[in-house]
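Each remark here refers to the structure printed beneath this line.
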Amino acid sequence: MTSQSGHPSPLPRRAVIGTALGGAAAAALPGPAHAESAPNGGRRPWRLRSAMTTDHAWAGFLRDQDLRWTRLPTRWYEGPFLGDGLLGSMIYQEPDANRIRFTVQHGRVQDHRPQFGSGWGTCRLPVGHLTLDPVGTITAVDWRLSLWNAELTGTVTTTAGTLTLSALVHDEVLAARVTADGGEQVSWTFHPEEAVSPRRIQEAPPAGYTANPPWTTRTTTDGTEQVLQPLSGGGLTATSYRRTGAELLLSVGHSHPSDSAAEADSLRNLRRATSYRALRRRHLRWWHAFYPKSFVSFPDQRLQSFHWIQLYKVASASRAGGPVMATSGPWLEPTPWPAVWWNLNVQLEYWLIHGSNHPELDALATTLRQNQEQLVANVPAAYRADSSGVGRSSDMFANREVGRPGTGAETGDLTWALHNVWLSYRHSMDESLLRDTIYPVLRRAINYYLHFLTPGGDGRLHLPSTLSPEYPVVPPQDTNYDLALIRWGCRTLLDSAELLGVDDESIPRWQEVLARLTPYPVDDNGFMIGAGTPYAQSHRHYSHLLMVYPLYLVNWDQPENRELIARSVAHWHALTGAHRGYSYTGAASLYAMMGDGDTAISYLRKFFDPTTRYPCRANTHYTEAGPVIETPLSASQSLHDMFCQSWGGVIRVFPAVPSDWADVTLHDFRTEGAFLVSAVREAGTTRFIRIRSLAGEPLKLRHGLGGTLTVLLDDGTPARTHDLGDGTLAIELPRGREVLVHSGPRPDLVVAPVAVGEPGPAWGLP
């Protein structure tokens with residue numbers, strides 16, 4: 001068999017290919033003014049056109065997604081927020097005062113006394129806050145948080161006059177510019193905060209804990225004010241700030257064990273910033289390059305705005321090479337959880353970076369790569385020769401001991417975190433990530449499990465007692481959370497060894513575990529917590545369903561498992577009372593995997609229902625006993641799961657779009673296999689799909705198209721394809737090439753925002 005281009009085809013079957021350059025398809029071709037070079041050096045017969053190619057277009061689109069305030073926010077979860085992955089600031093009314101607070105917090109500022117645990121000894125520490133202190137009584141505000149510019153602008157009206165402000169955070173500098181009219185004056189005050197764990201809102205310090213020393217202040221020769229906070233465990237936090245006319249610049253440095261580097265860092269950051277205007281130019285360059293890496297639009301105005309705010313939020317909270325997000329991101333507030341949480345939070349925080357095509361935000365992968373020695377030190381000494389782990393919560397360096405299976409300890413969290421890094425690999429196909437991080441660390445994480453697997457009388461391998469994260473009953477053995485992670489880990493290690501060409505001595509052991517590991521405990525209600533332990537009381541986590549989502553070991557493509565999956569998910573939500581926001585986002589993603597977009601959106605909307613016990617808040621943040629940033633970020637991933645999925649080596653385009661959303665646009669949505677997917681759905685029908693291969697990986701596409709397919713490469717030649725059945729097409733797509741897939745006459749190949757079908761108010765306090 002040969003293709004129409006004359007090259008031999010290795011595929012036994014080919015989809016019916018429409019005419020390459022004739023009929024209605026030819027009429028839809030762009031004219032000569034739009035033609036561009038094809039890979040063969042000629043003219044491209046088709047080209048995807050985007051309405052989002054200019055700064056003007058992006059500024060206009062994102063302006064409609066901005067947060068607005070016409071009332072003064074009084075709590076952190078109501079106000080604007082700024083950040084650069086390190087320094088963060090939230091803006092709201094100073095409690096019980098006629099002032100506006102700008103919090104000053106930093107993702108690297110923490111204590112360094114591990115003997116007191118992650119809640120007190122290595123916890124995030126507060127830095128302080130600025131207040132803008134008007135002369136008159138505040139009567140009104142008119143603020144806009146511009147997503148496109150990542151900048152807060154607006155006015156504060158008082159009984160004395162008006163303050164006009166703008167503020168941003170970039171390169172570890174909080175920059176503000178405020179001018180006064182009428183009888184108002186610009187007055188700033190910095191308030192240092194005690195360097196003590198925010199966990200004190202819940203409990204007293206542990207025995208033996210002593211307070212950190214008090215801060216000191218000084219003024220440098222150039223007039224810069226400094227607050228220096230020494231720490232009992234060594235190190236220092238330095239806050240430096242200066243006012244020049246209408247402008248204020250502030251920076252925070254933190255160092256350990258050095259007590260001088262922080263001071264130098266904060267001063268250097270201020271010198272580098274020079275002025276608001278100069279800093280803003282660099283700031284805008286970064287953000288204006290950030291957003292166009294992908295595009296999504298759908299007709300629900302409030303949810304669409306929410307999604308774009310989450311992209312702004314995650315980029316404000318995390319950057320590769322920086323600290324992995326703690327539960328509050330860089331915006332520390334009083335909380336019982338002033339640390340990194342490894343048993344769900346950190347995983348949910350980072351899922352949305354993949355589809356949105358933002359690997360530059362992946363601090364989780366860099367954290368695990370940089371702290372491999374600490375992961376070894378976390379396991380009991382007897383196992384450090386070949387094992388690694390991390391406990392439930394830790395500092396940014398993953399410093400937390402992990403318990404032993406057999407003691408009811410929570411032991412699988414590192415393996416779940418490595419699944420996130422595996423997703424980073426699969427979406428980039430960056431072999432160095434596989435070789436230098438995933439393979440060595442996952443090998444040690446699975447080794448830790450293998451020390452405790454023992455054969456039972458049934459000939460199966462069993463795991464002694466471990467905890468399913470935060471479920472109140474500990475199974476006597478075979479916790480589903482861990483069984484799923486062991487299976488995923490062994491399969492991934494086998495795949496990785498083959499990909500890397502490693503003849504690992506443990507390969508037979510991994511194969512044996514997969515062959516002999518006990519089945520998942522199941523009862524009449526579906527997946528259990530573990531052996532002898534049913535899911536019998538309401539619980540917020542879906543750890544017992546990890547094999548379904550996000551691991552997809554048990555999935556909807558397996559007809560024999562569909563009833564079990566549906567029964568398990570329904571039973572999880574049938575027991576009410578303890579569910580939290582991510583219980584609804586998790587259910588939405590599970591139903592999206594089932595292809596049920598209407599049920600998926602019904603669960604997702606519960607997170608946005610203000611009558612829900614723990615709903616999304618006015619500025620799209622979320623709180624329980626304290627800030628927990630992962631839940632709204634995971635809601636964006638639920639939207640991703642409705643629009644495009646790529647688990648199991650198959651790209652599924654529009655697999656679970658709610659029936660009310662007739663129009664959806666995706667552009668450069670990144671999938672596993674390192675593909676960029678663009679697709680347009682109009683009037684409930686997929687019009688076309690364009691896929692670009694970044695790595696030359698095998699492409700399997702579940703396209704959702706009916707009728708005769710046209711499958712064209714970017715030089716106009718028909719692609720070599722193979723019909724795999726079930727609406728799935730294998731397409732031969734070399735690295736760097738693009739393919740267009742559609743049915744019927746060629747549609748207009750335009751990517752553009754869709755019309756709003758469900759109007760909604762802006763986020764904030766509009």
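Residues in the structure tokens are named by chain (A, B, ... in the order shown) and by number from 1 within that chain; ligands are numbered from 1 in the order shown.
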
Practice task
Skip Arg580 (chain A) itself and residues of its chain fewer than 2 positions away, then list as a list of chain:residue names all residues within 7 Å of it, counting only C-alpha atoms.
Solution key: A:Arg540, A:Ala578, A:Tyr582, A:Ser583, A:Tyr614

Exercise for the section: Tell me which protein, DNA and RNA residues are within 9 Å of region 520-527 of chain A, counting only C-alpha atoms, leaving out same-chain ones fewer than 5 positions away, and put them as a list in words. Expected result: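 Skipping anything fewer than 5 positions along the chain leaves Asp478, Thr479, Asn480, Leu483, Ala484, Gly532, Thr533, Pro534, Tyr535, His544, Leu545, Glu563, Leu564, Ile565, Ala566, Arg567, Ser568, Val569, Ala570, His571 and Trp572 of chain A.
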
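Put simply, CA of Val554 (chain A) is 11.0 Å away from CA of Arg487 (chain A).
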
Practice task
Extract, using only C-alpha atoms, all DNA, RNA and protein residues at most 9 Å from Thr620 (chain A), discarding same-chain residues fewer than 6 positions from it, and format them as a VMD selection string.
Solution key: chain A and resid 77 to 78 306 309 to 310 632 763 to 764

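Near Val173 (chain A), within 10 Å and counting only C-alpha atoms, sit Gly83, Asp84, Leu86, Leu87, Gly88, Leu168, Val169, Ser240, Tyr241, Leu248, Leu249, Leu250, Ser251, Val252, Ser266, Asn269, Leu270, Arg272, Ala273, Tyr276 and Leu279 of chain A; same-chain residues fewer than 4 positions away were not included.
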
May I have the selected residues written with C-alpha atoms, as a PDB file, in the first residue's frame?
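Result saved to part_15.pdb:
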```
ATOM      1  CA  GLY A  83       2.723  37.368  43.102  1.00  0.00           C
ATOM      2  CA  ASP A  84       5.734  36.189  41.117  1.00  0.00           C
ATOM      3  CA  LEU A  86       8.106  33.860  45.455  1.00  0.00           C
ATOM      4  CA  LEU A  87       6.815  37.155  46.835  1.00  0.00           C
ATOM      5  CA  GLY A  88       3.066  37.439  47.338  1.00  0.00           C
ATOM      6  CA  LEU A 168       2.421  44.712  40.916  1.00  0.00           C
ATOM      7  CA  VAL A 169       4.945  42.090  42.024  1.00  0.00           C
ATOM      8  CA  SER A 240      13.882  46.251  52.616  1.00  0.00           C
ATOM      9  CA  TYR A 241      11.727  49.083  51.345  1.00  0.00           C
ATOM     10  CA  LEU A 248       7.168  52.441  47.041  1.00  0.00           C
ATOM     11  CA  LEU A 249       9.400  49.440  46.350  1.00  0.00           C
ATOM     12  CA  LEU A 250       9.704  46.547  48.813  1.00  0.00           C
ATOM     13  CA  SER A 251      11.643  43.283  48.675  1.00  0.00           C
ATOM     14  CA  VAL A 252      12.114  40.310  50.985  1.00  0.00           C
ATOM     15  CA  SER A 266      16.685  42.240  49.412  1.00  0.00           C
ATOM     16  CA  ASN A 269      16.414  43.332  44.341  1.00  0.00           C
ATOM     17  CA  LEU A 270      15.546  46.959  45.055  1.00  0.00           C
ATOM     18  CA  ARG A 272      17.691  46.076  40.171  1.00  0.00           C
ATOM     19  CA  ALA A 273      14.071  47.291  40.145  1.00  0.00           C
ATOM     20  CA  TYR A 276       7.964  51.288  39.117  1.00  0.00           C
ATOM     21  CA  LEU A 279      10.100  47.134  36.760  1.00  0.00           C
TER      22      LEU A 279
END
```

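Counting from CA of Gly706 (chain A), the distance to CA of Gly744 (chain A) is 8.8 Å.
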
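For the atom pair formed by CA of Leu450 (chain A) and CA of Ala398 (chain A), the distance is 22.0 Å, given to one decimal.
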
Please build the interface table for region 540-653 of chain A against region 318-326 of chain A with a cut-off of 12 Å, listing for each qualifying residue the nearest atom pair and the distance in Å to one decimal; count only C-alpha atoms, order rows by chain and increasing number, and write it as a Markdown table.
```
| residue | atom | partner | partner_atom | distance |
| --- | --- | --- | --- | --- |
| A:Gly626 | CA | A:Ala326 | CA | 11.9 |
| A:Pro627 | CA | A:Ala326 | CA | 9.8 |
| A:Val628 | CA | A:Ala326 | CA | 8.5 |
| A:Ile629 | CA | A:Ala326 | CA | 8.3 |
| A:Glu630 | CA | A:Met325 | CA | 9.1 |
| A:Leu633 | CA | A:Met325 | CA | 11.8 |
```

Practice task
Could you tell me, as a PyMOL selection string, which residues of region 109-153 of chain A DSSP assigns to strand (DSSP E or B) when given the backbone?
Solution key: chain A and resi 110+124+128-132+138-146+151-153

Handout entry: Nearest residue to Val548 (chain A) from the set A:Ala755, A:Ala363, A:Leu705, A:Leu590 (distances using only C-alpha atoms)
Key = A:Leu590

Problem - Non-local contacts of Ala150 (chain A) (12 Å; only C-alpha atoms; under 5 positions in same chain excluded) as a PyMOL selection string - result: chain A and resi 59+62-63+66-67+80-84+144-145+166-170+280-288+290-291+308-309+311-313+315-316

Problem - Contacts of Pro405 (chain A) at 12 Å (only C-alpha atoms; same-chain gap of 3+ positions) as number ranges by chain - result: A: 379-380, 389, 402, 408-412, 448-454, 462-468, 474-479, 482

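The nearest approach to Thr576 (chain A) among the residues A:Leu364, A:Gln229, A:Ala536, A:Leu546, with only C-alpha atoms taken into account, belongs to A:Ala536.
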
Handout entry: Counting only C-alpha atoms, the residue of A:Val680, A:Met429, A:Leu368, A:Leu551 that sits nearest Arg49 (chain A)
Key = A:Val680

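Candidate residues A:Asn420, A:Val513, A:Trp46, A:Tyr549 were compared for distance to Glu738 (chain A), and the nearest is A:Trp46, using only C-alpha atoms.
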